[in-house]
$ cat query27.cif   # mmCIF, C-alpha atoms
data_input
loop_
_atom_site.label_atom_id
_atom_site.label_comp_id
_atom_site.auth_asym_id
_atom_site.auth_seq_id
_atom_site.Cartn_x
_atom_site.Cartn_y
_atom_site.Cartn_z
CA MET M 259 24.77 12.40 1.66
CA ASP M 260 23.11 15.69 2.56
CA PHE M 261 23.75 16.98 -0.97
CA VAL M 262 22.06 13.95 -2.54
CA SER M 263 19.18 14.16 -0.08
CA SER M 264 18.42 17.69 -1.25
CA LYS M 265 17.97 16.41 -4.82
CA VAL M 266 15.25 13.99 -3.73
CA ASN M 267 13.78 15.75 -0.69
CA ASN M 268 12.03 18.50 -2.64
CA LEU M 269 8.55 19.07 -4.00
CA SER M 270 9.64 18.93 -7.66
CA PHE M 271 10.63 15.28 -7.22
CA ILE M 272 7.38 13.98 -5.75
CA ASP M 273 5.11 14.36 -8.80
CA VAL M 274 6.04 10.82 -9.82
CA ASP M 275 6.14 9.44 -6.28
CA PRO M 276 3.25 7.89 -4.29
CA ILE M 277 3.59 10.63 -1.67
CA SER M 278 2.14 13.03 -4.26
CA VAL M 279 -1.30 11.51 -3.61
CA PRO M 280 -1.71 12.60 0.04
CA HIS M 281 -0.28 16.00 -0.89
CA LYS M 282 -3.60 16.68 -2.62
CA PHE M 283 -5.35 16.82 0.74
CA SER M 284 -5.28 19.16 3.73
CA ARG M 285 -7.39 17.50 6.44
CA VAL M 286 -5.30 15.30 8.73
CA GLN M 287 -7.52 12.24 8.31
CA ASP M 288 -7.59 12.59 4.52
CA ILE M 289 -3.80 12.84 4.45
CA GLU M 290 -3.21 9.81 6.65
CA ILE M 291 -5.80 7.62 4.87
CA SER M 292 -4.55 8.47 1.38
CA ALA M 293 -0.94 8.08 2.57
CA PHE M 294 -1.73 4.72 4.16
CA PHE M 295 -3.20 3.33 0.95
CA SER M 296 -0.43 4.92 -1.15
CA ALA M 297 2.16 3.14 0.98
CA ILE M 298 0.31 -0.19 1.02
CA LEU M 299 -0.05 -0.10 -2.79
CA ALA M 300 3.59 0.93 -3.35
CA TRP M 301 4.61 -2.08 -5.44
CA GLY M 302 6.30 -1.80 -8.83
CA ASN M 303 6.52 1.14 -11.21
CA ARG M 304 6.01 4.45 -9.41
CA LYS M 305 3.88 5.95 -12.20
CA THR M 306 1.54 2.95 -12.09
CA ILE M 307 1.35 3.15 -8.29
CA VAL M 308 0.39 6.83 -8.43
CA ASN M 309 -2.27 6.14 -11.07
CA LYS M 310 -3.80 3.31 -9.03
CA CYS M 311 -3.80 5.39 -5.86
CA ASN M 312 -5.52 8.26 -7.66
CA GLU M 313 -8.03 5.78 -9.04
CA LEU M 314 -8.77 4.58 -5.52
CA MET M 315 -9.15 8.14 -4.20
CA ALA M 316 -11.63 8.81 -7.02
CA TYR M 317 -13.66 5.80 -5.83
CA PHE M 318 -13.59 7.47 -2.41
CA ASP M 319 -15.05 10.62 -4.04
CA ASN M 320 -11.70 12.31 -3.29
CA ASP M 321 -12.94 12.62 0.28
CA PRO M 322 -11.44 9.48 1.84
CA TYR M 323 -12.19 10.24 5.50
CA ASP M 324 -15.85 11.02 4.94
CA PHE M 325 -16.23 8.10 2.56
CA LEU M 326 -14.63 5.53 4.85
CA LEU M 327 -16.44 6.83 7.90
CA ASN M 328 -19.90 6.78 6.31
CA HIS M 329 -19.77 4.22 3.51
CA SER M 330 -22.29 1.38 3.32
CA ASP M 331 -22.08 -2.28 2.32
CA SER M 332 -23.26 -1.34 -1.15
CA ASP M 333 -20.48 1.26 -1.45
CA ARG M 334 -17.92 -1.45 -0.75
CA LYS M 335 -19.45 -3.82 -3.27
CA ALA M 336 -19.38 -1.09 -5.93
CA ILE M 337 -15.57 -1.00 -5.95
CA MET M 338 -14.89 -4.71 -5.59
CA HIS M 339 -13.31 -4.74 -9.06
CA PHE M 340 -10.40 -2.54 -7.90
CA LYS M 341 -7.07 -4.33 -8.19
CA HIS M 342 -3.39 -3.50 -8.00
CA ARG M 343 -1.05 -6.45 -8.39
CA THR M 344 -2.10 -8.90 -5.64
CA PHE M 345 -4.21 -6.35 -3.73
CA GLN M 346 -7.75 -7.23 -4.82
CA GLY M 347 -11.31 -6.16 -4.17
CA ASP M 348 -11.88 -8.44 -1.20
CA ASP M 349 -8.68 -7.12 0.40
CA LEU M 350 -9.92 -3.58 -0.12
CA GLU M 351 -13.29 -4.49 1.35
CA TYR M 352 -11.65 -5.66 4.57
CA PHE M 353 -9.42 -2.57 4.74
CA MET M 354 -12.45 -0.32 4.33
CA ARG M 355 -14.47 -2.09 7.00
CA ARG M 356 -11.54 -2.13 9.42
CA LEU M 357 -10.71 1.55 8.91
CA GLN M 358 -14.37 2.52 9.25
CA ARG M 359 -14.56 0.75 12.60
CA TYR M 360 -11.33 2.39 13.73
CA TYR M 361 -12.27 5.94 12.76
CA LYS M 362 -15.64 5.65 14.46
CA ASN M 363 -13.73 5.31 17.73
CA HIS M 364 -10.53 7.30 17.13
CA ALA M 365 -9.78 10.71 15.64
CA THR M 366 -6.48 9.76 14.03
CA LEU M 367 -4.59 6.69 12.87
CA GLU M 368 -1.62 7.88 14.93
CA THR M 369 -3.05 6.26 18.06
CA ALA M 370 -3.03 2.89 16.31
CA PHE M 371 0.76 3.07 16.39
CA LYS M 372 1.18 4.96 19.66
CA PRO M 373 -1.77 4.87 22.07
CA LYS M 374 -2.42 8.01 24.10
CA ASN M 375 -1.45 6.30 27.35
CA SER M 376 1.90 5.14 25.93
CA THR M 377 4.97 7.11 26.99
CA ILE M 378 7.70 5.16 25.18
CA TYR M 379 7.76 4.54 21.43
CA LYS M 380 9.76 1.82 19.71
CA GLN M 381 8.94 1.21 16.08
CA LYS M 382 9.25 -2.56 16.17
CA GLU M 383 6.67 -2.80 18.96
CA ALA M 384 4.46 -0.22 17.23
CA LEU M 385 4.38 -2.21 14.00
CA ILE M 386 3.54 -5.40 15.86
CA ARG M 387 0.78 -3.59 17.75
CA PHE M 388 -0.67 -2.19 14.53
CA TYR M 389 -0.66 -5.59 12.81
CA ASN M 390 -2.48 -7.20 15.72
CA LEU M 391 -4.96 -4.33 15.91
CA PHE M 392 -5.69 -4.29 12.19
CA PHE M 393 -6.32 -8.03 12.07
CA ASP M 394 -8.16 -8.43 15.35
CA GLY M 395 -11.29 -9.85 13.73
CA ASP M 396 -12.10 -13.19 12.15
CA ASP M 397 -13.87 -11.74 9.11
CA LEU M 398 -10.96 -11.73 6.67
CA LEU M 399 -9.34 -13.95 4.12
CA PRO M 400 -5.96 -15.36 5.22
CA ARG M 401 -4.45 -13.83 2.07
CA THR M 402 -5.36 -10.32 3.19
CA ARG M 403 -2.85 -10.48 6.06
CA LYS M 404 0.10 -10.35 3.67
CA HIS M 405 -0.69 -6.73 2.80
CA ILE M 406 0.33 -5.55 6.27
CA ALA M 407 3.84 -6.55 7.33
CA THR M 408 5.11 -7.24 10.83
CA PRO M 409 8.56 -7.66 12.38
CA ILE M 410 7.26 -10.80 14.08
CA LYS M 411 7.59 -12.46 10.67
CA ASN M 412 11.00 -10.79 10.21
CA SER M 413 9.71 -8.61 7.38
CA THR M 414 11.50 -5.39 6.48
CA CYS M 415 8.11 -3.64 6.81
CA LYS M 416 9.25 -1.28 4.06
CA ARG M 417 5.85 0.18 3.23
CA LEU M 418 4.77 0.82 6.81
CA ASN M 419 8.17 2.32 7.65
CA MET M 420 7.74 4.61 4.64
CA PHE M 421 4.22 5.56 5.73
CA LEU M 422 5.49 6.42 9.20
CA ARG M 423 8.29 8.50 7.71
CA TRP M 424 5.71 10.51 5.78
CA MET M 425 3.55 11.06 8.85
CA VAL M 426 6.29 11.78 11.42
CA ARG M 427 9.27 13.51 9.75
CA LYS M 428 9.16 17.29 9.53
CA ASP M 429 11.62 19.63 7.86
CA ASP M 430 11.56 22.75 5.68
CA CYS M 431 11.46 20.84 2.39
CA GLY M 432 7.72 20.10 2.40
CA VAL M 433 7.83 16.45 1.31
CA ASP M 434 7.17 14.58 4.55
CA PHE M 435 4.12 15.84 6.41
CA GLY M 436 5.14 15.72 10.06
CA ILE M 437 1.51 15.80 11.20
CA TRP M 438 1.96 13.15 13.90
CA LYS M 439 3.55 14.73 16.97
CA THR M 440 3.72 11.95 19.56
CA ILE M 441 6.16 9.71 17.65
CA PRO M 442 9.81 10.89 17.75
CA PRO M 443 11.62 11.00 14.37
CA SER M 444 14.64 9.52 16.14
CA GLU M 445 12.77 6.19 16.45
CA LEU M 446 11.84 5.84 12.77
CA MET M 447 13.32 2.92 10.82
CA ILE M 448 14.65 2.90 7.27
CA PRO M 449 12.18 1.91 4.50
CA LEU M 450 14.36 -0.79 2.98
CA ASP M 451 13.93 -1.40 -0.74
CA ILE M 452 16.30 -2.71 -3.40
CA HIS M 453 17.81 0.75 -4.05
CA VAL M 454 18.51 1.41 -0.39
CA GLU M 455 19.86 -2.12 0.04
CA ASN M 456 22.33 -1.87 -2.85
CA VAL M 457 23.74 1.50 -1.79
CA SER M 458 23.86 0.52 1.89
CA ARG M 459 25.98 -2.50 1.01
CA GLN M 460 28.34 -0.37 -1.08
CA LEU M 461 28.73 2.12 1.78
CA GLY M 462 29.25 -0.56 4.41
CA LEU M 463 25.98 0.25 6.18
CA LEU M 464 24.67 -3.28 5.60
CA THR M 465 26.62 -6.50 5.98
CA ARG M 466 23.76 -8.89 6.75
CA LYS M 467 23.04 -11.20 3.82
CA SER M 468 19.31 -11.58 4.45
CA LEU M 469 16.95 -8.72 3.64
CA ASP M 470 14.84 -8.75 6.80
CA TRP M 471 14.00 -6.75 9.93
CA HIS M 472 17.52 -7.26 11.29
CA ALA M 473 18.88 -5.63 8.13
CA VAL M 474 16.59 -2.65 8.77
CA GLU M 475 17.96 -2.38 12.29
CA GLU M 476 21.57 -2.61 11.08
CA ILE M 477 21.23 0.20 8.54
CA THR M 478 19.22 2.42 10.88
CA THR M 479 21.77 1.97 13.67
CA HIS M 480 24.51 3.25 11.34
CA LEU M 481 22.37 6.18 10.20
CA ARG M 482 21.73 7.22 13.81
CA LYS M 483 25.48 7.78 14.14
CA PHE M 484 25.20 10.52 11.49
CA ASN M 485 22.06 12.09 12.92
CA PRO M 486 20.62 10.63 16.15
CA ASP M 487 17.56 12.89 16.05
CA ASP M 488 16.57 12.29 12.42
CA PRO M 489 18.35 9.25 10.99
CA ILE M 490 15.79 8.55 8.26
CA ARG M 491 16.54 11.83 6.50
CA TYR M 492 19.24 9.77 4.76
CA ASP M 493 16.58 7.58 3.16
CA TYR M 494 16.47 10.25 0.47
CA ALA M 495 20.22 10.04 -0.18
CA LEU M 496 20.34 6.25 -0.29
CA PHE M 497 17.34 6.12 -2.63
CA GLY M 498 18.67 8.97 -4.78
CA ILE M 499 22.03 7.27 -5.29
CA GLY M 500 20.24 3.98 -5.91
CA ILE M 501 18.19 5.36 -8.80
CA GLY M 502 21.20 7.11 -10.35
CA LEU M 503 20.70 10.72 -9.33
CA TYR M 504 24.24 10.87 -8.01
CA LYS M 505 27.41 8.85 -8.46
CA PHE M 506 29.92 8.20 -5.71
#
$ encode --input "query27.cif" --output "structure tokens"
Amino acid sequence: MDFVSSKVNNLSFIDVDPISVPHKFSRVQDIEISAFFSAILAWGNRKTIVNKCNELMAYFDNDPYDFLLNHSDSDRKAIMHFKHRTFQGDDLEYFMRRLQRYYKNHATLETAFKPKNSTIYKQKEALIRFYNLFFDGDDLLPRTRKHIATPIKNSTCKRLNMFLRWMVRKDDCGVDFGIWKTIPPSELMIPLDIHVENVSRQLGLLTRKSLDWHAVEEITTHLRKFNPDDPIRYDYALFGIGIGLYKF
């Protein structure tokens, strides 16, 4: 699987991948904000996702941290027509207000997943904590909640697991950013999509019929046997095989 990983885990591959969007930035907050939205909007065709994420960054004046930190009510209303699949303008409005409130009190989104006073990190608990933190107000539409997944609802949490992979993993290939230092890569969980599911079943890494959080745990447990310190490096191999880069 290491050979297949190398075909996907390289900078030449990411031009058509949502992770290409945060690679346009250098400030930590700009990277994590653009990566967060790129992961949340990662539905459907990858080219379309990249185009919509770039469109959103343009609305943010390609300075997402400054824009979110200092934007006004009128700024939010000006981009209410933004839409990607079921993510609509009123969803974006809530996300902007919530992130503005967060960044006015915290320097990085990392502490939303692992508070500074926390010594132990488990991804399931971190995802539940983030969901509860993000939706701690009463000023949102019920529909908006579906754009942030949680293991409490037995979701695979694919997009948030992918976002955390981007932020936490660090190697010499330059794809994942590794800018968050308090979360151990050993605790990351597999971003489970249809490609990873199909290949995992063929390789015997997944026997559970339902595609849910327990399936994520099953695959990740097997991957930790190959590399306890960095199990999610094999996300690249499973995805690469799934999209036909390599036959086995």
$ atom_distance --input "query27.cif" --atom1 "CA of Leu350 in chain M" --atom2 "CA of Thr408 in chain M"
19.0 Å
$ resolve_selection --input "query27.cif" --expression "the PyMOL selection byres ((chain M and resi 452-465) around 9)" --output "PyMOL selection string"
chain M and resi 448-451+466-467+469+473-474+476-481+493+495-501
$ closest_residue --input "query27.cif" --among "M:Asp470, M:Asp397, M:Asp324, M:Asp430" --to "Phe353 in chain M" --atoms "all atoms listed in the file"
M:Asp397
$ atom_distance --input "query27.cif" --atom1 "CA of Leu418 in chain M" --atom2 "CA of Lys265 in chain M"
23.5 Å
$ residues_around --input "query27.cif" --residues "Thr366 in chain M" --least-positions-apart "3" --cutoff "9 Å" --atoms "all atoms listed in the file" --output "list in words"
Val286, Gln287, Glu290, Tyr360, Tyr361, Thr369 and Ala370 of chain M
$ write_last_selection --input "query27.cif" --atoms "C-alpha atoms" --output "mmCIF file, in the coordinates of the input"
data_model
loop_
_atom_site.group_PDB
_atom_site.id
_atom_site.type_symbol
_atom_site.label_atom_id
_atom_site.label_comp_id
_atom_site.auth_asym_id
_atom_site.auth_seq_id
_atom_site.Cartn_x
_atom_site.Cartn_y
_atom_site.Cartn_z
ATOM 1 C CA VAL M 286 -5.300 15.300 8.730
ATOM 2 C CA GLN M 287 -7.520 12.240 8.310
ATOM 3 C CA GLU M 290 -3.210 9.810 6.650
ATOM 4 C CA TYR M 360 -11.330 2.390 13.730
ATOM 5 C CA TYR M 361 -12.270 5.940 12.760
ATOM 6 C CA THR M 369 -3.050 6.260 18.060
ATOM 7 C CA ALA M 370 -3.030 2.890 16.310
#
$ atom_distance --input "query27.cif" --atom1 "CA of Asn419 in chain M" --atom2 "CA of Asp321 in chain M"
24.6 Å
$ residues_near_point --input "query27.cif" --point "(-6.5, 9.6, 0.3)" --cutoff "7 Å" --atoms "all atoms listed in the file" --output "ChimeraX atom specification"
/M:279-280,288-289,291-293,315,320,322
$ residues_around --input "query27.cif" --residues "range 335-338 of chain M" --least-positions-apart "2" --cutoff "7 Å" --atoms "all atoms listed in the file" --output "list in words"
Asp331, Ser332, Asp333, Phe340, Gly347 and Asp348 of chain M
$ closest_residue --input "query27.cif" --among "M:Trp471, M:Phe295, M:Tyr494, M:Phe484" --to "Phe271 in chain M" --atoms "all atoms listed in the file"
M:Tyr494
$ resolve_selection --input "query27.cif" --expression "the PyMOL selection byres ((chain M and resi 272) around 12)" --output "ChimeraX atom specification"
/M:265-271,273-282,304-305,308,431-434,494
$ resolve_selection --input "query27.cif" --expression "the PyMOL selection byres ((chain M and resi 359) around 12)" --output "number ranges by chain"
M: 326-329, 352-358, 360-365, 367, 391-392, 394-395
$ closest_residue --input "query27.cif" --among "M:Val426, M:Cys311, M:Ala300, M:Leu446" --to "Glu383 in chain M" --atoms "only C-alpha atoms"
M:Leu446
$ closest_residue --input "query27.cif" --among "M:Trp424, M:Tyr492, M:Phe283, M:Trp301" --to "Phe345 in chain M" --atoms "only C-alpha atoms"
M:Trp301
$ closest_residue --input "query27.cif" --among "M:Ser264, M:Lys439, M:Arg482, M:Arg491" --to "Lys374 in chain M" --atoms "only C-alpha atoms"
M:Lys439
$ closest_residue --input "query27.cif" --among "M:Lys483, M:Arg343, M:Arg334, M:His472" --to "Ile410 in chain M" --atoms "all atoms listed in the file"
M:His472
$ axis_aligned_box --input "query27.cif" --around "range 466-483 of chain M" --padding-each-side "5 Å" --output "AutoDock Vina command-line options"
--center_x 19.7 --center_y -1.9 --center_z 8.9 --size_x 21.5 --size_y 29.4 --size_z 20.5
$ residues_around --input "query27.cif" --residues "Gly302 in chain M" --least-positions-apart "4" --cutoff "10 Å" --atoms "only C-alpha atoms" --output "ChimeraX atom specification"
/M:306-307,342-343
